[in-house]
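Structure file input-v4.tsv; described as TSV, C-alpha atoms.
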```tsv
chain	number	residue	atom	x	y	z
A	1	MET	CA	13.19	-11.11	-21.82
A	2	LYS	CA	12.20	-7.98	-19.90
A	3	SER	CA	10.71	-8.50	-16.43
A	4	VAL	CA	7.96	-6.16	-15.24
A	5	TYR	CA	6.40	-6.49	-11.79
A	6	LEU	CA	2.81	-5.24	-11.74
A	7	ASP	CA	1.50	-6.96	-8.62
A	8	ASN	CA	2.09	-4.21	-6.06
A	9	ALA	CA	-1.43	-4.65	-4.66
A	10	ALA	CA	-0.23	-8.02	-3.35
A	11	THR	CA	3.09	-6.68	-2.03
A	12	THR	CA	5.29	-3.81	-3.10
A	13	PHE	CA	8.44	-4.77	-4.96
A	14	PRO	CA	11.16	-3.76	-5.08
A	15	LYS	CA	11.44	-2.28	-1.61
A	16	PRO	CA	13.47	0.85	-0.97
A	17	PRO	CA	17.08	-0.27	-0.33
A	18	GLU	CA	17.02	1.17	3.18
A	19	VAL	CA	14.30	-1.31	4.17
A	20	ALA	CA	16.57	-4.30	3.51
A	21	ARG	CA	19.42	-2.52	5.28
A	22	ALA	CA	17.28	-1.89	8.36
A	23	VAL	CA	16.21	-5.54	8.59
A	24	SER	CA	19.79	-6.73	8.12
A	25	GLU	CA	21.11	-4.21	10.65
A	26	TYR	CA	18.69	-5.44	13.29
A	27	ILE	CA	19.47	-9.10	12.72
A	28	SER	CA	23.23	-8.59	12.41
A	29	ASN	CA	24.01	-5.89	14.95
A	30	VAL	CA	21.09	-5.58	17.38
A	31	GLY	CA	19.45	-8.98	17.65
A	32	VAL	CA	18.06	-8.66	21.19
A	33	ASN	CA	14.49	-8.93	22.39
A	34	ILE	CA	12.59	-6.15	24.12
A	35	LYS	CA	10.83	-6.18	27.51
A	36	ARG	CA	12.84	-9.28	28.38
A	37	GLY	CA	16.31	-7.90	29.01
A	38	GLY	CA	17.63	-5.39	31.54
A	39	TYR	CA	20.54	-4.08	29.47
A	40	ASP	CA	21.21	-1.12	27.23
A	41	ALA	CA	20.78	-2.92	23.91
A	42	ALA	CA	17.27	-4.05	24.91
A	43	TYR	CA	16.34	-0.55	26.03
A	44	GLU	CA	17.61	0.94	22.76
A	45	ALA	CA	15.66	-1.62	20.75
A	46	ALA	CA	12.52	-0.80	22.74
A	47	GLY	CA	13.07	2.85	21.92
A	48	SER	CA	13.24	2.04	18.20
A	49	VAL	CA	9.94	0.14	18.42
A	50	LEU	CA	8.36	3.11	20.19
A	51	ASP	CA	9.61	5.37	17.38
A	52	THR	CA	7.78	3.16	14.89
A	53	ARG	CA	4.59	3.28	16.94
A	54	GLN	CA	4.87	7.06	17.01
A	55	ALA	CA	5.37	7.23	13.24
A	56	LEU	CA	2.26	5.11	12.63
A	57	CYS	CA	0.25	7.10	15.16
A	58	ASP	CA	1.21	10.32	13.38
A	59	MET	CA	0.41	8.90	9.95
A	60	PHE	CA	-3.08	7.72	10.87
A	61	GLY	CA	-4.09	10.24	13.53
A	62	GLY	CA	-4.18	7.62	16.27
A	63	PRO	CA	-4.87	8.35	19.95
A	64	SER	CA	-1.36	7.56	21.23
A	65	PRO	CA	1.70	5.47	20.31
A	66	ARG	CA	0.69	2.95	22.98
A	67	ASN	CA	-2.53	2.32	21.02
A	68	VAL	CA	-0.49	0.99	18.07
A	69	ILE	CA	-0.50	-2.81	18.23
A	70	PHE	CA	1.88	-4.93	16.16
A	71	THR	CA	0.74	-8.19	14.58
A	72	SER	CA	1.87	-10.37	11.67
A	73	GLY	CA	-0.29	-8.40	9.23
A	74	VAL	CA	-3.70	-7.01	8.42
A	75	THR	CA	-5.40	-10.44	8.42
A	76	ALA	CA	-4.32	-11.14	12.00
A	77	SER	CA	-5.33	-7.61	12.95
A	78	LEU	CA	-8.82	-7.89	11.50
A	79	ASN	CA	-9.36	-11.25	13.18
A	80	MET	CA	-8.30	-9.81	16.53
A	81	ILE	CA	-10.63	-6.83	16.09
A	82	ILE	CA	-13.66	-8.70	14.75
A	83	LYS	CA	-13.49	-11.81	16.93
A	84	GLY	CA	-12.32	-9.95	20.00
A	85	PHE	CA	-15.12	-7.39	19.85
A	86	LEU	CA	-18.26	-9.17	18.64
A	87	ARG	CA	-20.36	-11.30	21.02
A	88	PRO	CA	-23.21	-13.78	20.49
A	89	GLY	CA	-26.33	-11.87	19.51
A	90	ASP	CA	-24.41	-9.00	17.94
A	91	HIS	CA	-24.91	-7.70	14.41
A	92	ALA	CA	-22.17	-6.33	12.15
A	93	ILE	CA	-22.09	-4.51	8.83
A	94	CYS	CA	-19.46	-4.77	6.10
A	95	SER	CA	-19.34	-3.89	2.42
A	96	CYS	CA	-19.73	-6.25	-0.54
A	97	LEU	CA	-16.17	-5.32	-1.57
A	98	GLU	CA	-14.50	-6.92	1.45
A	99	HIS	CA	-11.51	-9.23	1.37
A	100	ASN	CA	-11.85	-12.66	2.95
A	101	SER	CA	-9.86	-11.35	5.92
A	102	VAL	CA	-13.14	-9.69	6.91
A	103	LEU	CA	-15.70	-12.04	5.37
A	104	ARG	CA	-14.31	-15.30	6.75
A	105	PRO	CA	-14.06	-14.17	10.40
A	106	LEU	CA	-17.63	-12.90	10.17
A	107	GLU	CA	-18.74	-16.21	8.64
A	108	GLN	CA	-16.99	-18.13	11.41
A	109	LEU	CA	-18.77	-16.04	14.03
A	110	LYS	CA	-22.18	-16.95	12.61
A	111	THR	CA	-21.86	-20.29	14.39
A	112	ALA	CA	-21.49	-18.33	17.64
A	113	GLY	CA	-24.69	-16.35	17.07
A	114	VAL	CA	-23.26	-13.28	15.34
A	115	GLU	CA	-25.04	-12.02	12.22
A	116	TYR	CA	-23.91	-9.59	9.56
A	117	ASP	CA	-25.13	-7.79	6.45
A	118	THR	CA	-23.27	-6.39	3.46
A	119	VAL	CA	-23.80	-2.92	2.03
A	120	PRO	CA	-24.70	-3.08	-1.68
A	121	CYS	CA	-22.58	-1.33	-4.32
A	122	ASP	CA	-23.12	-0.51	-7.97
A	123	MET	CA	-21.19	-1.99	-10.90
A	124	ASN	CA	-18.30	0.38	-10.24
A	125	GLY	CA	-18.12	-0.63	-6.59
A	126	VAL	CA	-19.56	2.70	-5.44
A	127	MET	CA	-21.40	2.57	-2.13
A	128	ASP	CA	-24.13	4.92	-0.92
A	129	PRO	CA	-23.50	5.57	2.80
A	130	HIS	CA	-27.27	5.86	3.37
A	131	GLU	CA	-27.62	2.24	2.26
A	132	ALA	CA	-25.22	1.31	5.06
A	133	GLU	CA	-27.27	3.29	7.56
A	134	LYS	CA	-30.42	1.44	6.50
A	135	LEU	CA	-28.83	-1.85	7.61
A	136	ILE	CA	-28.33	-0.71	11.22
A	137	LYS	CA	-30.35	-2.70	13.74
A	138	SER	CA	-30.86	-2.41	17.47
A	139	ASN	CA	-28.11	-5.02	18.03
A	140	THR	CA	-25.61	-3.60	15.51
A	141	ARG	CA	-22.28	-3.03	17.30
A	142	LEU	CA	-19.67	-2.93	14.54
A	143	MET	CA	-19.18	-1.68	11.01
A	144	VAL	CA	-16.01	-2.92	9.30
A	145	ILE	CA	-15.17	-1.55	5.86
A	146	ASN	CA	-12.14	-1.63	3.58
A	147	HIS	CA	-10.80	1.75	2.54
A	148	ALA	CA	-10.47	0.60	-1.07
A	149	SER	CA	-11.26	-2.55	-3.04
A	150	ASN	CA	-8.32	-4.80	-3.84
A	151	VAL	CA	-10.15	-5.83	-7.04
A	152	GLY	CA	-11.42	-2.66	-8.68
A	153	GLY	CA	-9.60	-0.04	-6.65
A	154	THR	CA	-12.84	1.75	-5.72
A	155	VAL	CA	-12.35	3.97	-2.66
A	156	ASN	CA	-15.08	3.80	-0.02
A	157	PRO	CA	-16.57	6.91	1.68
A	158	ILE	CA	-14.89	6.38	5.05
A	159	ALA	CA	-15.54	9.86	6.45
A	160	GLU	CA	-19.29	9.64	5.78
A	161	LEU	CA	-19.51	6.11	7.19
A	162	GLY	CA	-17.61	7.21	10.29
A	163	LYS	CA	-20.15	9.95	10.94
A	164	ILE	CA	-22.98	7.45	10.62
A	165	CYS	CA	-21.33	5.09	13.10
A	166	ALA	CA	-20.71	7.91	15.58
A	167	LYS	CA	-24.32	9.04	15.24
A	168	HIS	CA	-25.65	5.56	16.09
A	169	GLY	CA	-23.04	4.64	18.72
A	170	ILE	CA	-21.51	1.88	16.58
A	171	ARG	CA	-17.81	1.02	16.58
A	172	PHE	CA	-16.13	1.62	13.23
A	173	ALA	CA	-13.19	-0.48	11.97
A	174	VAL	CA	-11.32	0.19	8.71
A	175	ASP	CA	-9.13	-2.14	6.64
A	176	THR	CA	-6.35	-0.08	5.02
A	177	ALA	CA	-4.53	-2.95	3.30
A	178	GLN	CA	-4.77	-1.24	-0.10
A	179	THR	CA	-4.34	2.37	0.97
A	180	ALA	CA	-1.92	2.72	3.88
A	181	GLY	CA	0.99	4.79	2.64
A	182	THR	CA	-0.81	6.21	-0.40
A	183	LEU	CA	-4.18	7.62	0.75
A	184	ARG	CA	-4.51	9.87	3.78
A	185	LEU	CA	-6.74	8.61	6.57
A	186	ARG	CA	-7.22	10.15	10.02
A	187	MET	CA	-8.77	8.20	12.86
A	188	ASP	CA	-9.30	11.34	14.91
A	189	GLU	CA	-11.20	13.12	12.14
A	190	MET	CA	-13.16	10.19	10.66
A	191	HIS	CA	-14.56	8.60	13.85
A	192	ILE	CA	-12.49	5.43	13.34
A	193	ASP	CA	-12.28	3.18	16.42
A	194	ALA	CA	-9.90	0.57	14.97
A	195	LEU	CA	-7.65	0.78	11.92
A	196	ALA	CA	-5.92	-2.32	10.56
A	197	PHE	CA	-2.78	-1.95	8.45
A	198	THR	CA	-0.23	-4.18	6.77
A	199	GLY	CA	3.42	-3.31	6.41
A	200	HIS	CA	4.39	-5.03	3.18
A	201	LYS	CA	2.24	-3.11	0.69
A	202	GLY	CA	2.04	0.67	0.52
A	203	LEU	CA	4.17	1.11	3.62
A	204	PHE	CA	7.09	-0.58	1.79
A	205	GLY	CA	7.97	-2.84	4.74
A	206	PRO	CA	8.80	-6.55	4.67
A	207	GLN	CA	6.22	-9.32	4.80
A	208	GLY	CA	5.11	-10.59	8.19
A	209	ILE	CA	4.61	-7.26	9.94
A	210	GLY	CA	1.47	-5.20	10.36
A	211	GLY	CA	-0.89	-4.20	13.10
A	212	PHE	CA	-3.82	-2.14	14.19
A	213	ILE	CA	-4.51	1.08	16.04
A	214	ILE	CA	-7.37	1.02	18.50
A	215	THR	CA	-9.03	3.65	20.67
A	216	ASP	CA	-9.04	3.21	24.44
A	217	GLU	CA	-12.83	2.92	24.39
A	218	MET	CA	-12.89	0.07	21.90
A	219	ALA	CA	-9.92	-1.65	23.55
A	220	ARG	CA	-11.91	-1.93	26.77
A	221	GLU	CA	-14.54	-3.88	24.82
A	222	THR	CA	-12.19	-6.07	22.76
A	223	ILE	CA	-10.98	-9.32	24.30
A	224	PRO	CA	-7.39	-10.38	23.47
A	225	LEU	CA	-7.48	-13.51	21.31
A	226	ILE	CA	-3.89	-14.50	22.14
A	227	ALA	CA	-2.62	-14.75	25.70
A	228	GLY	CA	0.88	-15.24	26.97
A	229	GLY	CA	4.00	-13.48	28.13
A	230	THR	CA	4.28	-9.75	27.60
A	231	GLY	CA	7.37	-8.99	29.68
A	232	SER	CA	5.12	-6.97	31.99
A	233	PHE	CA	2.93	-7.77	35.02
A	234	SER	CA	4.34	-11.28	34.99
A	235	HIS	CA	2.90	-11.99	38.45
A	236	MET	CA	-0.62	-11.92	36.93
A	237	LEU	CA	-2.36	-14.87	35.33
A	238	GLU	CA	-4.60	-12.55	33.34
A	239	MET	CA	-3.48	-10.49	30.38
A	240	PRO	CA	-2.54	-6.92	31.35
A	241	ASP	CA	-5.11	-4.22	30.64
A	242	ILE	CA	-2.54	-1.67	29.51
A	243	LEU	CA	-1.82	-1.02	25.85
A	244	PRO	CA	-0.06	-2.25	23.79
A	245	ASP	CA	0.67	-5.23	26.09
A	246	ARG	CA	-2.99	-6.31	26.15
A	247	TYR	CA	-2.71	-7.52	22.53
A	248	GLU	CA	1.00	-8.26	22.13
A	249	ALA	CA	1.62	-11.62	23.79
A	250	GLY	CA	4.83	-13.29	22.66
A	251	THR	CA	7.85	-12.03	20.77
A	252	LEU	CA	7.37	-9.23	18.29
A	253	ASN	CA	8.78	-9.32	14.76
A	254	LEU	CA	11.51	-6.83	15.63
A	255	PRO	CA	13.45	-7.07	12.33
A	256	GLY	CA	10.14	-6.53	10.55
A	257	ILE	CA	9.37	-3.48	12.68
A	258	ALA	CA	12.79	-2.06	11.85
A	259	GLY	CA	12.11	-2.57	8.15
A	260	LEU	CA	8.65	-1.04	8.50
A	261	LYS	CA	10.09	2.08	10.10
A	262	ALA	CA	12.52	2.42	7.19
A	263	GLY	CA	9.57	2.13	4.78
A	264	ILE	CA	7.65	4.86	6.62
A	265	ASP	CA	10.74	7.09	6.59
A	266	PHE	CA	10.93	6.56	2.83
A	267	ILE	CA	7.31	7.69	2.45
A	268	ASP	CA	7.97	10.75	4.60
A	269	ARG	CA	10.97	11.67	2.47
A	270	VAL	CA	9.31	11.14	-0.92
A	271	GLY	CA	5.87	12.37	0.12
A	272	MET	CA	2.64	10.40	0.29
A	273	ASP	CA	0.93	12.72	-2.18
A	274	ALA	CA	3.77	12.31	-4.67
A	275	ILE	CA	3.54	8.52	-4.41
A	276	ARG	CA	-0.21	8.54	-4.94
A	277	LEU	CA	0.00	10.94	-7.90
A	278	LYS	CA	2.63	8.87	-9.68
A	279	GLU	CA	0.81	5.59	-9.14
A	280	GLU	CA	-2.52	7.04	-10.26
A	281	ASN	CA	-0.94	8.51	-13.39
A	282	LEU	CA	0.58	5.15	-14.24
A	283	ALA	CA	-2.75	3.38	-13.73
A	284	GLY	CA	-4.48	6.03	-15.83
A	285	ARG	CA	-1.97	5.55	-18.62
A	286	LEU	CA	-2.60	1.81	-18.56
A	287	ILE	CA	-6.37	2.29	-18.71
A	288	SER	CA	-6.20	4.88	-21.49
A	289	GLY	CA	-4.08	2.51	-23.57
A	290	LEU	CA	-6.71	-0.22	-23.34
A	291	ILE	CA	-10.09	1.43	-22.96
A	292	GLY	CA	-12.27	1.16	-26.02
A	293	ASP	CA	-10.93	-2.22	-27.11
A	294	GLU	CA	-14.02	-4.43	-27.23
A	295	ARG	CA	-11.94	-7.43	-26.17
A	296	ILE	CA	-11.10	-5.80	-22.83
A	297	CYS	CA	-13.32	-4.82	-19.90
A	298	VAL	CA	-11.77	-2.48	-17.32
A	299	ILE	CA	-13.32	-3.24	-13.93
A	300	ALA	CA	-14.82	-0.20	-12.15
A	301	ALA	CA	-13.64	2.06	-14.97
A	302	ALA	CA	-16.12	4.79	-13.98
A	303	ALA	CA	-15.40	4.79	-10.24
A	304	PRO	CA	-15.17	8.45	-9.11
A	305	GLU	CA	-12.20	7.75	-6.84
A	306	ARG	CA	-9.87	4.81	-7.16
A	307	THR	CA	-6.44	3.53	-6.26
A	308	ALA	CA	-3.83	2.40	-8.80
A	309	VAL	CA	-5.39	-1.08	-9.02
A	310	VAL	CA	-6.51	-1.97	-12.56
A	311	SER	CA	-8.37	-5.24	-12.99
A	312	LEU	CA	-9.16	-6.49	-16.49
A	313	ASP	CA	-11.65	-9.03	-17.74
A	314	PHE	CA	-11.29	-10.54	-21.20
A	315	PRO	CA	-14.83	-11.67	-22.17
A	316	GLY	CA	-14.97	-14.89	-24.14
A	317	ARG	CA	-11.40	-15.77	-23.19
A	318	ASP	CA	-9.78	-17.57	-20.29
A	319	ASN	CA	-8.31	-14.85	-18.08
A	320	ALA	CA	-5.80	-17.32	-16.66
A	321	GLU	CA	-4.51	-18.06	-20.16
A	322	VAL	CA	-4.01	-14.35	-20.81
A	323	ALA	CA	-2.15	-13.90	-17.51
A	324	PHE	CA	-0.02	-16.96	-18.29
A	325	ALA	CA	0.85	-15.61	-21.74
A	326	LEU	CA	1.79	-12.24	-20.26
A	327	GLU	CA	4.23	-13.87	-17.85
A	328	GLN	CA	5.65	-16.51	-20.16
A	329	GLU	CA	6.00	-14.43	-23.33
A	330	TRP	CA	6.45	-10.92	-21.93
A	331	GLY	CA	7.73	-11.33	-18.37
A	332	ILE	CA	4.82	-9.37	-16.89
A	333	MET	CA	3.80	-10.45	-13.39
A	334	THR	CA	0.11	-9.96	-12.48
A	335	ARG	CA	-2.47	-11.53	-10.17
A	336	CYS	CA	-5.20	-13.60	-11.79
A	337	GLY	CA	-8.29	-15.01	-10.08
A	338	LEU	CA	-10.72	-13.94	-7.38
A	339	HIS	CA	-8.17	-12.06	-5.25
A	340	CYS	CA	-9.71	-13.45	-2.02
A	341	ALA	CA	-12.70	-11.16	-2.58
A	342	PRO	CA	-15.55	-13.27	-4.05
A	343	LEU	CA	-18.35	-10.82	-3.26
A	344	ALA	CA	-16.50	-8.00	-4.99
A	345	HIS	CA	-16.25	-10.08	-8.15
A	346	GLN	CA	-19.98	-10.72	-7.95
A	347	VAL	CA	-20.50	-6.96	-7.88
A	348	TYR	CA	-18.14	-6.39	-10.80
A	349	GLY	CA	-19.67	-9.25	-12.81
A	350	THR	CA	-16.48	-11.32	-12.92
A	351	PHE	CA	-17.50	-14.20	-10.66
A	352	PRO	CA	-16.47	-17.02	-10.73
A	353	GLN	CA	-13.69	-16.60	-13.29
A	354	GLY	CA	-12.17	-13.53	-11.64
A	355	SER	CA	-9.98	-11.01	-13.41
A	356	VAL	CA	-6.36	-10.20	-14.22
A	357	ARG	CA	-5.13	-7.49	-11.86
A	358	PHE	CA	-2.41	-4.98	-12.68
A	359	ALA	CA	-1.04	-2.81	-9.89
A	360	PRO	CA	1.78	-0.38	-10.68
A	361	GLY	CA	3.83	1.03	-7.82
A	362	TRP	CA	6.31	3.77	-7.02
A	363	PHE	CA	9.15	1.98	-8.79
A	364	THR	CA	7.11	1.26	-11.94
A	365	THR	CA	8.08	3.37	-14.96
A	366	ILE	CA	6.12	4.83	-17.86
A	367	GLU	CA	8.10	2.50	-20.10
A	368	ASP	CA	6.85	-0.45	-18.04
A	369	ILE	CA	3.24	0.62	-18.57
A	370	ASP	CA	3.64	1.15	-22.31
A	371	TYR	CA	5.31	-2.26	-22.52
A	372	ALA	CA	2.39	-3.78	-20.61
A	373	VAL	CA	-0.19	-2.25	-22.96
A	374	LYS	CA	1.67	-3.65	-25.96
A	375	ALA	CA	1.99	-7.03	-24.24
A	376	ILE	CA	-1.72	-7.23	-23.34
A	377	LEU	CA	-2.81	-6.56	-26.90
A	378	SER	CA	-0.30	-9.07	-28.21
A	379	ALA	CA	-1.26	-11.68	-25.60
A	380	LEU	CA	-4.88	-11.46	-26.69
A	381	GLU	CA	-3.83	-12.28	-30.24
A	382	SER	CA	-1.73	-15.15	-28.94
A	383	VAL	CA	-4.60	-16.61	-26.88
A	384	ASP	CA	-7.03	-16.26	-29.78
A	385	GLU	CA	-4.69	-18.34	-31.93
A	386	ILE	CA	-4.66	-21.24	-29.45
```
Let's see the structure in the file written out as structure tokens.
Amino acid sequence: MKSVYLDNAATTFPKPPEVARAVSEYISNVGVNIKRGGYDAAYEAAGSVLDTRQALCDMFGGPSPRNVIFTSGVTASLNMIIKGFLRPGDHAICSCLEHNSVLRPLEQLKTAGVEYDTVPCDMNGVMDPHEAEKLIKSNTRLMVINHASNVGGTVNPIAELGKICAKHGIRFAVDTAQTAGTLRLRMDEMHIDALAFTGHKGLFGPQGIGGFIITDEMARETIPLIAGGTGSFSHMLEMPDILPDRYEAGTLNLPGIAGLKAGIDFIDRVGMDAIRLKEENLAGRLISGLIGDERICVIAAAAPERTAVVSLDFPGRDNAEVAFALEQEWGIMTRCGLHCAPLAHQVYGTFPQGSVRFAPGWFTTIEDIDYAVKAILSALESVDEI
């Protein structure tokens, strides 16, 4: 049976071969820690990490390589930003398309006296920036928004929201989990104070590596959530104020950083625009092969700008049964359920059953998409017969 991976919104697979080679090379032939050893190998490894910071700074228009902070992923990054910045009595704004990596930290902070509101969206996940501005209060200090929905693929108006935040003196944080590596985003041009990224999706890196980029101004207002050794200022009992040390206590995932750099180099070689164009064309081909079938609802089908995420609802049927049939009978791997974004599914009208999400990637072929269309139509017949 053919095997087709269409879950690239969860993690890209396969990775470029050079990513695996970079991870293996670090583990096999480098292996040392940085900031903890006074020998050439440690200095060379530190230089490689700095190269990765520089590459990420260049990609996202960050202030400086030292403002690039490495974490285990975008969830850790968002927790560090949200919980480190907000104080009792503060108010925050997010969208109704957010992932639980934003919603759950905000919910946790409610017990500490932090409140938040969500910006409404229409059935296609489209947000009016003026609706976000209407939610601003005298105690609003942070707006945190995902660049694109991981359910419907709807892209949010980051530039317009950034202008609103700058106008009102509010810090602006952006979750790029679904767009880093495929959609261009510039902190310096869009008034972004903190940008959270993950390495294992559009950046083609391994799991377990990610981070955030933060401006000096916001860093001065954001308390480190994790304290410990940094290999610097070891005579102090307090965390250093300098970046990136302020937020990087403990040992970094150095093999992961090596793999992430290889993924970024791959993007630079292929071209971000070429990657986006191919993925959007594949998603468009999938949608065009299914649209009009009354048994299938394409989530956010009329969104004016979207990523290559295609979520389907099968009214009157069990979406989980359809996804199971696709995997068992056709070898097609998807993601079924609420995708850790319950409010988004409420917007799209698919709560609580969720949807079946298809996410082609750079290594997906046209033949894979045509096979998937055939499989979906066949799977519906199979489920109806049960």
Discussion item. Would you compute the distance between atom CA of Pro105 of chain A and atom CA of Thr215 of chain A? Give it in Å to one decimal.
Written reply: 21.2 Å
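Nearest residue to Ser64 of chain A, choosing from A:Asp188, A:Pro240, A:Asn124, A:Thr222 and counting only C-alpha atoms: A:Asp188.
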Worksheet item: So which residues are close to (9.9, -1.4, -3.8), meaning at most 12 Å away in the file's coordinates with only C-alpha atoms counted, and can you show them as JSON, numbers by chain?
Response: {"A": [5, 6, 7, 8, 9, 11, 12, 13, 14, 15, 16, 17, 18, 19, 20, 200, 201, 202, 203, 204, 205, 206, 262, 263, 266, 267, 275, 360, 361, 362, 363, 364]}
Write the residues of the preceding selection, restricted to C-alpha atoms, as a PDB file, in the coordinates of the input.
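Final output, again33.pdb:
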```
ATOM      1  CA  TYR A   5       6.400  -6.490 -11.790  1.00  0.00           C
ATOM      2  CA  LEU A   6       2.810  -5.240 -11.740  1.00  0.00           C
ATOM      3  CA  ASP A   7       1.500  -6.960  -8.620  1.00  0.00           C
ATOM      4  CA  ASN A   8       2.090  -4.210  -6.060  1.00  0.00           C
ATOM      5  CA  ALA A   9      -1.430  -4.650  -4.660  1.00  0.00           C
ATOM      6  CA  THR A  11       3.090  -6.680  -2.030  1.00  0.00           C
ATOM      7  CA  THR A  12       5.290  -3.810  -3.100  1.00  0.00           C
ATOM      8  CA  PHE A  13       8.440  -4.770  -4.960  1.00  0.00           C
ATOM      9  CA  PRO A  14      11.160  -3.760  -5.080  1.00  0.00           C
ATOM     10  CA  LYS A  15      11.440  -2.280  -1.610  1.00  0.00           C
ATOM     11  CA  PRO A  16      13.470   0.850  -0.970  1.00  0.00           C
ATOM     12  CA  PRO A  17      17.080  -0.270  -0.330  1.00  0.00           C
ATOM     13  CA  GLU A  18      17.020   1.170   3.180  1.00  0.00           C
ATOM     14  CA  VAL A  19      14.300  -1.310   4.170  1.00  0.00           C
ATOM     15  CA  ALA A  20      16.570  -4.300   3.510  1.00  0.00           C
ATOM     16  CA  HIS A 200       4.390  -5.030   3.180  1.00  0.00           C
ATOM     17  CA  LYS A 201       2.240  -3.110   0.690  1.00  0.00           C
ATOM     18  CA  GLY A 202       2.040   0.670   0.520  1.00  0.00           C
ATOM     19  CA  LEU A 203       4.170   1.110   3.620  1.00  0.00           C
ATOM     20  CA  PHE A 204       7.090  -0.580   1.790  1.00  0.00           C
ATOM     21  CA  GLY A 205       7.970  -2.840   4.740  1.00  0.00           C
ATOM     22  CA  PRO A 206       8.800  -6.550   4.670  1.00  0.00           C
ATOM     23  CA  ALA A 262      12.520   2.420   7.190  1.00  0.00           C
ATOM     24  CA  GLY A 263       9.570   2.130   4.780  1.00  0.00           C
ATOM     25  CA  PHE A 266      10.930   6.560   2.830  1.00  0.00           C
ATOM     26  CA  ILE A 267       7.310   7.690   2.450  1.00  0.00           C
ATOM     27  CA  ILE A 275       3.540   8.520  -4.410  1.00  0.00           C
ATOM     28  CA  PRO A 360       1.780  -0.380 -10.680  1.00  0.00           C
ATOM     29  CA  GLY A 361       3.830   1.030  -7.820  1.00  0.00           C
ATOM     30  CA  TRP A 362       6.310   3.770  -7.020  1.00  0.00           C
ATOM     31  CA  PHE A 363       9.150   1.980  -8.790  1.00  0.00           C
ATOM     32  CA  THR A 364       7.110   1.260 -11.940  1.00  0.00           C
TER      33      THR A 364
END
```
Fill in: Residue neighbourhood segment 165-180 of chain A, 9 Å, only C-alpha atoms, exclusion window fewer than 5 positions, as a PyMOL selection string
chain A and resi 9-10+59-60+74+78+81-82+98+102+133+136+140-150+153+155+158+160+185+191-199+201-203+214+218+307+309
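In terms of minimum interatomic distance to Tyr43 of chain A, A:Val30 ranks closest within A:Ala325, A:Val30, A:Ile264, A:Ala372, counting all atoms listed in the file.
Relative to atom CA of Asp241 of chain A, atom CA of Leu225 of chain A is found at 13.4 Å.
Residues of protein, DNA or RNA having at least one counted atom within 6 Å of (-6.9, -9.7, 24.7), given all atoms listed in the file, are Ile223, Pro224, Leu225, Arg246 and Tyr247 of chain A.
Nearest residue to Ala323 of chain A among A:Ser232, A:Thr365, A:Ser378, A:Ser28 is A:Ser378, counting all atoms listed in the file.
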Worksheet item: Neighbours of Ala227 of chain A within 9 Å (all atoms listed in the file; same-chain residues fewer than 6 positions away dropped), as an MDAnalysis selection string?
Response: chainID A and resid 238:239 246:250
Worksheet entry | Option closest in space to Ser72 of chain A, from A:Gly354, A:Gly125, A:Phe212, A:Thr154 [counting all atoms listed in the file] | A:Phe212
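Shortest atom-to-atom contact with Ala92 of chain A among A:Thr52, A:Asn29, A:Ser138, A:Gln207: A:Ser138, counting only C-alpha atoms.
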Discussion item. Give me, as a PyMOL selection string, all polymer residues having an atom no more than 12 Å from segment 348-351 of chain A, counting all atoms listed in the file and skipping those fewer than 5 positions away in the same chain.
Written reply: chain A and resi 96-97+120-126+149+151-154+297-303+311-316+318-319+336-343+356
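Here atom CA of Leu290 of chain A is placed at a distance of 6.8 Å from atom CA of Val373 of chain A.
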As JSON, what would the box around segment 123-140 of chain A look like: edges along x, y and z, 6 Å added on every side, centre and edge lengths in Å to one decimal?
```
{"center_x": -24.5, "center_y": 0.4, "center_z": 3.6, "size_x": 24.7, "size_y": 22.9, "size_z": 40.9}
```
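For segment 24-27 of chain A, the non-local neighbours within 12 Å, defined as residues at least 5 positions apart in the same chain or in other chains and counting all atoms listed in the file, are A:Pro17, A:Glu18, A:Val19, A:Val32, A:Asn33, A:Ala41, A:Ala42, A:Glu44, A:Ala45, A:Ser48, A:Val49, A:Pro206, A:Asn253, A:Leu254, A:Pro255, A:Gly256, A:Ile257, A:Ala258, A:Gly259, A:Leu260, A:Lys261, A:Ala262.
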Response to the item:
The residue from A:Val68, A:Ile213, A:Met127, A:Leu135 with the smallest atom-to-atom distance to His91 of chain A, counting only C-alpha atoms, is A:Leu135
Using only C-alpha atoms, what table do you get, as JSON lines, when you list each residue of segment 26-89 of chain A with an atom no more than 12 Å from segment 109-118 of chain A, its nearest pair of atoms, and their distance in Å rounded to one decimal, rows by chain then rising number?
```
{"residue": "A:Asn79", "atom": "CA", "partner": "A:Leu109", "partner_atom": "CA", "distance": 10.6}
{"residue": "A:Ile82", "atom": "CA", "partner": "A:Leu109", "partner_atom": "CA", "distance": 9.0}
{"residue": "A:Lys83", "atom": "CA", "partner": "A:Leu109", "partner_atom": "CA", "distance": 7.4}
{"residue": "A:Gly84", "atom": "CA", "partner": "A:Leu109", "partner_atom": "CA", "distance": 10.7}
{"residue": "A:Phe85", "atom": "CA", "partner": "A:Val114", "partner_atom": "CA", "distance": 11.0}
{"residue": "A:Leu86", "atom": "CA", "partner": "A:Val114", "partner_atom": "CA", "distance": 7.3}
{"residue": "A:Arg87", "atom": "CA", "partner": "A:Val114", "partner_atom": "CA", "distance": 6.7}
{"residue": "A:Pro88", "atom": "CA", "partner": "A:Gly113", "partner_atom": "CA", "distance": 4.5}
{"residue": "A:Gly89", "atom": "CA", "partner": "A:Gly113", "partner_atom": "CA", "distance": 5.4}
```
